[in-house]
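Shown next: entry-v6.txt, given as compact mmCIF, C-alpha atoms.
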```txt
# COMPACT_ATOMS: atom_id res chain seq x y z
CA MET A 1 22.38 -207.64 -140.21
CA SER A 2 20.59 -210.29 -142.26
CA GLY A 3 17.29 -208.52 -141.60
CA LEU A 4 18.73 -205.25 -142.88
CA ARG A 5 20.08 -206.95 -146.00
CA GLU A 6 16.69 -208.51 -146.70
CA ARG A 7 14.97 -205.12 -146.33
CA GLN A 8 17.51 -203.51 -148.65
CA LYS A 9 17.03 -206.32 -151.17
CA ALA A 10 13.25 -205.96 -151.01
CA ASP A 11 13.56 -202.19 -151.43
CA ARG A 12 15.77 -202.57 -154.52
CA HIS A 13 13.38 -205.14 -155.96
CA ARG A 14 10.40 -202.85 -155.45
CA ARG A 15 12.21 -199.88 -156.99
CA ILE A 16 13.03 -201.95 -160.07
CA ILE A 17 9.41 -203.10 -160.38
CA ASP A 18 8.07 -199.56 -159.94
CA ALA A 19 10.53 -198.14 -162.46
CA ALA A 20 9.81 -200.87 -165.00
CA THR A 21 6.06 -200.45 -164.59
CA ALA A 22 6.30 -196.71 -165.25
CA LEU A 23 8.64 -197.08 -168.23
CA PHE A 24 6.67 -199.93 -169.80
CA ARG A 25 3.61 -197.67 -169.65
CA GLU A 26 5.41 -194.60 -170.98
CA ALA A 27 7.66 -196.11 -173.65
CA GLY A 28 5.99 -199.45 -174.27
CA TYR A 29 7.53 -202.80 -173.48
CA GLU A 30 9.78 -202.82 -176.54
CA GLY A 31 10.77 -199.19 -176.08
CA ALA A 32 11.78 -199.47 -172.43
CA LYS A 33 15.49 -200.20 -172.03
CA ILE A 34 17.14 -201.99 -169.12
CA GLU A 35 19.52 -199.03 -168.78
CA ALA A 36 16.58 -196.64 -168.34
CA ILE A 37 14.93 -198.95 -165.80
CA ALA A 38 18.17 -199.10 -163.81
CA ALA A 39 18.57 -195.32 -163.88
CA GLN A 40 15.01 -194.68 -162.75
CA ALA A 41 15.27 -197.33 -160.02
CA GLU A 42 18.64 -195.86 -158.92
CA VAL A 43 20.38 -199.22 -159.15
CA SER A 44 23.15 -200.52 -161.40
CA ILE A 45 22.43 -202.53 -164.52
CA GLY A 46 24.28 -205.40 -162.86
CA THR A 47 21.87 -205.28 -159.93
CA ILE A 48 18.93 -205.72 -162.29
CA TYR A 49 20.58 -208.75 -163.86
CA ASN A 50 21.15 -210.17 -160.38
CA TYR A 51 17.36 -210.33 -160.06
CA TYR A 52 16.19 -210.88 -163.63
CA GLN A 53 17.64 -212.45 -166.78
CA ASN A 54 15.78 -210.14 -169.16
CA LYS A 55 12.88 -207.70 -169.54
CA GLY A 56 10.45 -210.59 -169.85
CA ASP A 57 11.35 -211.69 -166.34
CA ILE A 58 10.66 -208.18 -165.05
CA LEU A 59 7.28 -208.17 -166.79
CA GLY A 60 6.59 -211.57 -165.26
CA ALA A 61 7.33 -210.18 -161.81
CA ILE A 62 4.83 -207.35 -162.40
CA VAL A 63 2.17 -209.85 -163.52
CA SER A 64 2.88 -211.93 -160.41
CA LEU A 65 2.56 -208.86 -158.19
CA GLU A 66 -0.76 -207.97 -159.83
CA VAL A 67 -2.25 -211.44 -159.51
CA ASN A 68 -1.01 -212.11 -155.99
CA GLU A 69 -2.56 -208.88 -154.76
CA VAL A 70 -5.97 -209.85 -156.14
CA LEU A 71 -5.61 -213.36 -154.72
CA ASN A 72 -4.94 -211.88 -151.29
CA ALA A 73 -7.99 -209.63 -151.59
CA GLY A 74 -10.09 -212.53 -152.86
CA ARG A 75 -9.42 -214.64 -149.78
CA GLY A 76 -11.69 -212.38 -147.78
CA VAL A 77 -14.56 -212.95 -150.21
CA VAL A 78 -14.09 -216.72 -150.07
CA ALA A 79 -14.00 -216.68 -146.28
CA SER A 80 -17.10 -214.49 -145.92
CA PRO A 81 -19.02 -214.30 -149.21
CA PRO A 82 -22.17 -212.26 -149.86
CA ALA A 83 -25.32 -214.28 -149.18
CA ASN A 84 -26.21 -214.53 -152.87
CA VAL A 85 -24.40 -216.64 -155.47
CA GLY A 86 -24.46 -213.97 -158.16
CA ASP A 87 -23.26 -211.27 -155.80
CA ALA A 88 -20.50 -213.52 -154.44
CA LEU A 89 -19.14 -214.29 -157.91
CA ASP A 90 -19.50 -210.68 -159.01
CA THR A 91 -17.60 -209.48 -155.94
CA LEU A 92 -14.70 -211.88 -156.47
CA ILE A 93 -14.46 -211.36 -160.21
CA GLY A 94 -14.85 -207.62 -159.66
CA ILE A 95 -11.69 -207.66 -157.55
CA TYR A 96 -9.81 -209.38 -160.36
CA ILE A 97 -11.06 -207.08 -163.11
CA GLU A 98 -10.98 -203.75 -161.26
CA HIS A 99 -7.37 -204.39 -160.20
CA SER A 100 -6.21 -205.65 -163.60
CA LEU A 101 -4.83 -202.33 -164.85
CA ASN A 102 -3.29 -201.15 -161.58
CA TYR A 103 0.22 -202.16 -162.61
CA LEU A 104 -0.13 -203.37 -166.18
CA SER A 105 -1.38 -201.46 -169.17
CA LYS A 106 -3.26 -203.30 -171.90
CA GLU A 107 -0.09 -203.29 -174.01
CA MET A 108 1.79 -204.92 -171.15
CA TRP A 109 -0.90 -207.57 -170.77
CA ARG A 110 -0.74 -208.28 -174.51
CA GLN A 111 3.01 -208.72 -174.27
CA ALA A 112 2.72 -211.01 -171.25
CA MET A 113 0.09 -213.14 -172.98
CA ALA A 114 2.25 -213.35 -176.11
CA ILE A 115 5.31 -214.50 -174.17
CA SER A 116 3.32 -217.11 -172.23
CA THR A 117 1.83 -218.43 -175.48
CA GLN A 118 5.06 -218.44 -177.48
CA LEU A 119 7.22 -219.83 -174.65
CA PRO A 120 4.88 -221.99 -172.52
CA ASP A 121 7.74 -224.08 -171.08
CA SER A 122 9.89 -221.10 -170.13
CA PRO A 123 10.01 -219.94 -166.50
CA PHE A 124 7.77 -217.02 -167.51
CA GLY A 125 5.29 -219.33 -169.26
CA GLN A 126 5.17 -221.76 -166.36
CA ALA A 127 4.72 -218.96 -163.82
CA TYR A 128 1.93 -217.41 -165.89
CA THR A 129 0.14 -220.76 -166.10
CA ALA A 130 0.53 -221.25 -162.35
CA LEU A 131 -1.06 -217.85 -161.66
CA ASP A 132 -4.02 -218.76 -163.88
CA ARG A 133 -4.33 -222.00 -161.93
CA ASP A 134 -4.30 -220.11 -158.62
CA LEU A 135 -7.14 -217.87 -159.82
CA THR A 136 -9.12 -220.90 -161.00
CA GLU A 137 -8.64 -222.62 -157.65
CA GLN A 138 -9.80 -219.54 -155.78
CA ILE A 139 -13.01 -219.37 -157.80
CA SER A 140 -13.50 -223.09 -157.15
CA ALA A 141 -12.92 -222.47 -153.43
CA LEU A 142 -15.66 -219.84 -153.50
CA ILE A 143 -18.06 -222.31 -155.11
CA ALA A 144 -17.16 -224.88 -152.42
CA ARG A 145 -17.79 -222.28 -149.72
CA LEU A 146 -21.17 -221.43 -151.23
CA GLN A 147 -22.01 -225.13 -151.29
CA HIS A 148 -21.02 -225.42 -147.63
CA ILE A 149 -23.38 -222.63 -146.58
CA GLY A 150 -26.21 -224.02 -148.70
CA LEU A 151 -26.33 -221.52 -151.56
CA VAL A 152 -25.07 -223.83 -154.32
CA ARG A 153 -26.42 -227.29 -155.01
CA PRO A 154 -24.34 -230.00 -153.29
CA ASP A 155 -24.32 -232.23 -156.38
CA ILE A 156 -22.52 -229.59 -158.46
CA ASP A 157 -18.90 -230.31 -159.47
CA GLY A 158 -17.35 -227.26 -157.82
CA PRO A 159 -13.89 -227.47 -159.43
CA ALA A 160 -15.45 -227.86 -162.88
CA VAL A 161 -17.68 -224.83 -162.28
CA GLY A 162 -14.64 -222.85 -161.12
CA GLU A 163 -12.76 -223.80 -164.28
CA LEU A 164 -15.74 -222.85 -166.43
CA ILE A 165 -16.10 -219.44 -164.77
CA PHE A 166 -12.38 -218.71 -164.99
CA ASN A 167 -12.05 -219.84 -168.60
CA ASN A 168 -14.96 -217.67 -169.66
CA MET A 169 -13.68 -214.67 -167.70
CA ASN A 170 -10.19 -215.17 -169.10
CA MET A 171 -11.44 -215.34 -172.68
CA MET A 172 -13.40 -212.13 -172.21
CA PHE A 173 -10.42 -210.46 -170.54
CA ILE A 174 -8.24 -211.36 -173.53
CA GLU A 175 -10.76 -209.70 -175.82
CA PHE A 176 -10.81 -206.70 -173.48
CA VAL A 177 -7.05 -206.16 -173.62
CA LYS A 178 -7.03 -206.49 -177.41
CA ARG A 179 -9.05 -203.28 -177.74
CA ASP A 180 -7.65 -200.10 -176.21
CA GLU A 181 -11.09 -198.46 -176.30
CA ALA A 182 -12.76 -201.24 -174.26
CA LYS A 183 -13.74 -200.16 -170.73
CA ILE A 184 -13.79 -202.10 -167.46
CA PRO A 185 -17.51 -201.44 -166.74
CA GLU A 186 -18.39 -202.96 -170.13
CA LEU A 187 -16.27 -206.02 -169.38
CA ARG A 188 -17.82 -206.50 -165.96
CA ALA A 189 -21.33 -206.15 -167.36
CA ALA A 190 -20.62 -208.76 -170.06
CA ILE A 191 -19.17 -211.23 -167.55
CA ARG A 192 -22.08 -210.62 -165.18
CA ARG A 193 -24.59 -211.27 -167.96
CA GLN A 194 -23.02 -214.59 -168.91
CA ASN A 195 -22.54 -215.72 -165.31
CA ARG A 196 -26.22 -215.06 -164.65
CA VAL A 197 -27.10 -218.14 -166.72
CA LEU A 198 -24.68 -220.30 -164.75
CA VAL A 199 -25.84 -218.93 -161.40
CA ALA A 200 -29.42 -219.89 -162.23
CA ALA A 201 -28.25 -223.45 -162.96
CA ILE A 202 -26.17 -224.05 -159.83
CA GLY A 203 -28.17 -222.21 -157.16
CA VAL A 204 -30.46 -224.04 -154.74
```
Go ahead and express the file in the form of structure tokens.
Amino acid sequence: MSGLRERQKADRHRRIIDAATALFREAGYEGAKIEAIAAQAEVSIGTIYNYYQNKGDILGAIVSLEVNEVLNAGRGVVASPPANVGDALDTLIGIYIEHSLNYLSKEMWRQAMAISTQLPDSPFGQAYTALDRDLTEQISALIARLQHIGLVRPDIDGPAVGELIFNNMNMMFIEFVKRDEAKIPELRAAIRRQNRVLVAAIGV
């Protein structure tokens, strides 16, 4: 019975996330109402509040879903990276960027960034910071892996390089979501161009 309850709970949770994602895209974050999310998810309003305190918490859950999926995909790159530093970084960062609009629109990303900036000590803000840290650590893990197989200089501070790569990517991603006309291929090309300088400095 407990297994059935857990499956039902997971199903309700996923329906809420799917409904909220669709409505945030269609009506905008501010325009989407909890009542409409509940109706589309075929759950009661009370059920939504059993899972989330407010719309911001729902948005946070969508961000978490987005980031955790790319982290899962990135583990394969870290475990078995391409045999070229530039290609390895481009593959991992490509996973992050190409997946970035799967669930969230640019407007949703802007809202999430605003909440995390305005309320850094809130559960949403802390969770958002933790996800950024997880991405940074994965990039650092890739650098460590490339050092282990002899593609990156052993004297390089891997965690610092990971932080540098993430911070630069994150800054460029923020600029990307600010402009609705900006395209993913342009973003990837810009990141690739800047990383090329770093790759030349850390490679053996």
Go through region 83-150 of chain A and flag each residue having an atom no more than 9 Å from region 182-200 of chain A; for those, report the closest pair of atoms plus their distance in Å to one decimal, using all atoms listed in the file, ordered by chain and rising number, as JSON lines.
```
{"residue": "A:Val85", "atom": "CA", "partner": "A:Val199", "partner_atom": "CA", "distance": 6.5}
{"residue": "A:Gly86", "atom": "CA", "partner": "A:Val199", "partner_atom": "CA", "distance": 6.1}
{"residue": "A:Leu89", "atom": "CA", "partner": "A:Asn195", "partner_atom": "CA", "distance": 8.3}
{"residue": "A:Asp90", "atom": "CA", "partner": "A:Arg192", "partner_atom": "CA", "distance": 6.7}
{"residue": "A:Ile93", "atom": "CA", "partner": "A:Arg188", "partner_atom": "CA", "distance": 8.2}
{"residue": "A:Gly94", "atom": "CA", "partner": "A:Arg188", "partner_atom": "CA", "distance": 7.1}
{"residue": "A:Ile97", "atom": "CA", "partner": "A:Ile184", "partner_atom": "CA", "distance": 7.2}
{"residue": "A:Glu98", "atom": "CA", "partner": "A:Ile184", "partner_atom": "CA", "distance": 7.0}
```
Q: For CA of Gly158 (chain A) and CA of Asn170 (chain A), quote the distance in Å rounded to one decimal.
A: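 Taking CA of Gly158 (chain A) and CA of Asn170 (chain A), their separation equals 18.0 Å.
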Just the residues within 6 Å of region 18-27 of chain A, please, counting only C-alpha atoms, with nothing from its chain fewer than 5 positions along; format it as a ChimeraX atom specification.
/A:32,37,40-41
Q. CA of Ala114 (chain A) and CA of Lys33 (chain A), how far apart in Å?
A.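 Result for CA of Lys33 (chain A) versus CA of Ala114 (chain A): 19.1 Å, one decimal.
Interatomic distance, CA of Asn72 (chain A) against CA of Asp134 (chain A): 11.0 Å.
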Margin query: What's around region 54-63 of chain A at 8 Å? Count only C-alpha atoms, leave out sequence neighbours fewer than 5 positions away in its own chain, and write the answer as a list in words.
Written below: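 That gives Ile17, Ala20, Thr21, Ile34, Tyr49, Tyr103, Leu104, Met108, Ala112, Ile115, Phe124, Ala127 and Tyr128 of chain A.
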Min atom-atom distance to Asn168 (chain A) from the set A:Ser64, A:Thr136, A:Ala141, A:Lys9, counting only C-alpha atoms, belongs to A:Thr136
The residue from A:Ile149, A:Ile48, A:Met113, A:Leu101 with the smallest atom-to-atom distance to Pro81 (chain A), counting only C-alpha atoms, is A:Ile149
Centre and size of axis-aligned box enclosing region 159-169 of chain A plus 3 Å each side, as JSON:
```
{"center_x": -14.9, "center_y": -221.3, "center_z": -164.5, "size_x": 11.6, "size_y": 19.2, "size_z": 16.2}
```
Every residue with an atom at most 10 Å from (-5.2, -207.4, -171.5) (file coordinates; all atoms listed in the file) is what I'm after, so could you write them as a list in words?
Ser100, Leu101, Leu104, Ser105, Lys106, Glu107, Met108, Trp109, Arg110, Gln111, Ala112, Met113, Asn170, Met172, Phe173, Ile174, Glu175, Phe176, Val177, Lys178, Arg179 and Asp180 of chain A
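Counting all atoms listed in the file, the residue from A:Met171, A:Leu131, A:Ile202, A:Leu119 that sits nearest to Asp155 (chain A) is A:Ile202.
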Shortest contact to Leu142 (chain A), candidates A:Ile95, A:Val204, A:Val161, A:Val43, atoms counted all atoms listed in the file, goes to A:Val161
Item checked: Counting only C-alpha atoms, the residue of A:His148, A:Ile16, A:Gln53, A:Gly3 that sits nearest Ala38 (chain A) ->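 Comparing A:His148, A:Ile16, A:Gln53, A:Gly3 against Ala38 (chain A), the winner is A:Ile16.
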| query | Pick the closest to Gly76 (chain A) from A:Phe166, A:Arg5, A:Gly31, A:Gln138: which is it, counting only C-alpha atoms? | reply |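 Closest candidate: A:Gln138.
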Using the block above, I'd like region 126-179 of chain A written out, keeping C-alpha atoms and formatting it as a PDB file, in the first residue's frame.
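Written file, selection_9.pdb:
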```
ATOM      1  CA  GLN A 126      18.995  28.593  -0.833  1.00  0.00           C
ATOM      2  CA  ALA A 127      17.881  25.832  -3.206  1.00  0.00           C
ATOM      3  CA  TYR A 128      18.797  27.941  -6.241  1.00  0.00           C
ATOM      4  CA  THR A 129      22.259  28.610  -4.806  1.00  0.00           C
ATOM      5  CA  ALA A 130      22.712  24.907  -4.064  1.00  0.00           C
ATOM      6  CA  LEU A 131      21.869  24.007  -7.678  1.00  0.00           C
ATOM      7  CA  ASP A 132      24.450  26.519  -8.929  1.00  0.00           C
ATOM      8  CA  ARG A 133      26.966  24.918  -6.574  1.00  0.00           C
ATOM      9  CA  ASP A 134      26.145  21.446  -7.917  1.00  0.00           C
ATOM     10  CA  LEU A 135      26.767  22.625 -11.486  1.00  0.00           C
ATOM     11  CA  THR A 136      30.057  24.238 -10.449  1.00  0.00           C
ATOM     12  CA  GLU A 137      31.167  21.054  -8.720  1.00  0.00           C
ATOM     13  CA  GLN A 138      30.340  18.976 -11.773  1.00  0.00           C
ATOM     14  CA  ILE A 139      32.456  21.203 -14.006  1.00  0.00           C
ATOM     15  CA  SER A 140      35.258  20.952 -11.440  1.00  0.00           C
ATOM     16  CA  ALA A 141      34.860  17.165 -11.441  1.00  0.00           C
ATOM     17  CA  LEU A 142      35.297  17.174 -15.218  1.00  0.00           C
ATOM     18  CA  ILE A 143      38.508  19.193 -14.886  1.00  0.00           C
ATOM     19  CA  ALA A 144      39.756  16.709 -12.254  1.00  0.00           C
ATOM     20  CA  ARG A 145      38.918  13.822 -14.577  1.00  0.00           C
ATOM     21  CA  LEU A 146      40.799  15.486 -17.437  1.00  0.00           C
ATOM     22  CA  GLN A 147      43.772  15.962 -15.117  1.00  0.00           C
ATOM     23  CA  HIS A 148      43.630  12.289 -14.158  1.00  0.00           C
ATOM     24  CA  ILE A 149      43.808  11.151 -17.783  1.00  0.00           C
ATOM     25  CA  GLY A 150      46.595  13.592 -18.573  1.00  0.00           C
ATOM     26  CA  LEU A 151      44.778  16.198 -20.665  1.00  0.00           C
ATOM     27  CA  VAL A 152      44.939  19.067 -18.158  1.00  0.00           C
ATOM     28  CA  ARG A 153      48.075  20.194 -16.370  1.00  0.00           C
ATOM     29  CA  PRO A 154      48.388  18.596 -12.910  1.00  0.00           C
ATOM     30  CA  ASP A 155      49.404  21.884 -11.266  1.00  0.00           C
ATOM     31  CA  ILE A 156      46.120  23.560 -12.213  1.00  0.00           C
ATOM     32  CA  ASP A 157      43.671  24.364  -9.385  1.00  0.00           C
ATOM     33  CA  GLY A 158      40.756  22.315 -10.699  1.00  0.00           C
ATOM     34  CA  PRO A 159      38.046  23.672  -8.374  1.00  0.00           C
ATOM     35  CA  ALA A 160      39.077  27.255  -9.166  1.00  0.00           C
ATOM     36  CA  VAL A 161      38.950  26.525 -12.904  1.00  0.00           C
ATOM     37  CA  GLY A 162      35.509  24.958 -12.460  1.00  0.00           C
ATOM     38  CA  GLU A 163      34.290  28.048 -10.623  1.00  0.00           C
ATOM     39  CA  LEU A 164      35.720  30.305 -13.317  1.00  0.00           C
ATOM     40  CA  ILE A 165      34.052  28.354 -16.127  1.00  0.00           C
ATOM     41  CA  PHE A 166      30.704  28.228 -14.327  1.00  0.00           C
ATOM     42  CA  ASN A 167      30.734  31.893 -13.346  1.00  0.00           C
ATOM     43  CA  ASN A 168      31.471  32.954 -16.905  1.00  0.00           C
ATOM     44  CA  MET A 169      28.834  30.616 -18.346  1.00  0.00           C
ATOM     45  CA  ASN A 170      26.303  31.803 -15.778  1.00  0.00           C
ATOM     46  CA  MET A 171      26.945  35.465 -16.544  1.00  0.00           C
ATOM     47  CA  MET A 172      26.486  34.822 -20.251  1.00  0.00           C
ATOM     48  CA  PHE A 173      23.340  32.786 -19.592  1.00  0.00           C
ATOM     49  CA  ILE A 174      21.881  35.681 -17.593  1.00  0.00           C
ATOM     50  CA  GLU A 175      22.499  37.981 -20.547  1.00  0.00           C
ATOM     51  CA  PHE A 176      20.923  35.364 -22.823  1.00  0.00           C
ATOM     52  CA  VAL A 177      17.679  35.176 -20.848  1.00  0.00           C
ATOM     53  CA  LYS A 178      17.426  38.965 -20.691  1.00  0.00           C
ATOM     54  CA  ARG A 179      16.912  39.134 -24.452  1.00  0.00           C
TER      55      ARG A 179
END
```
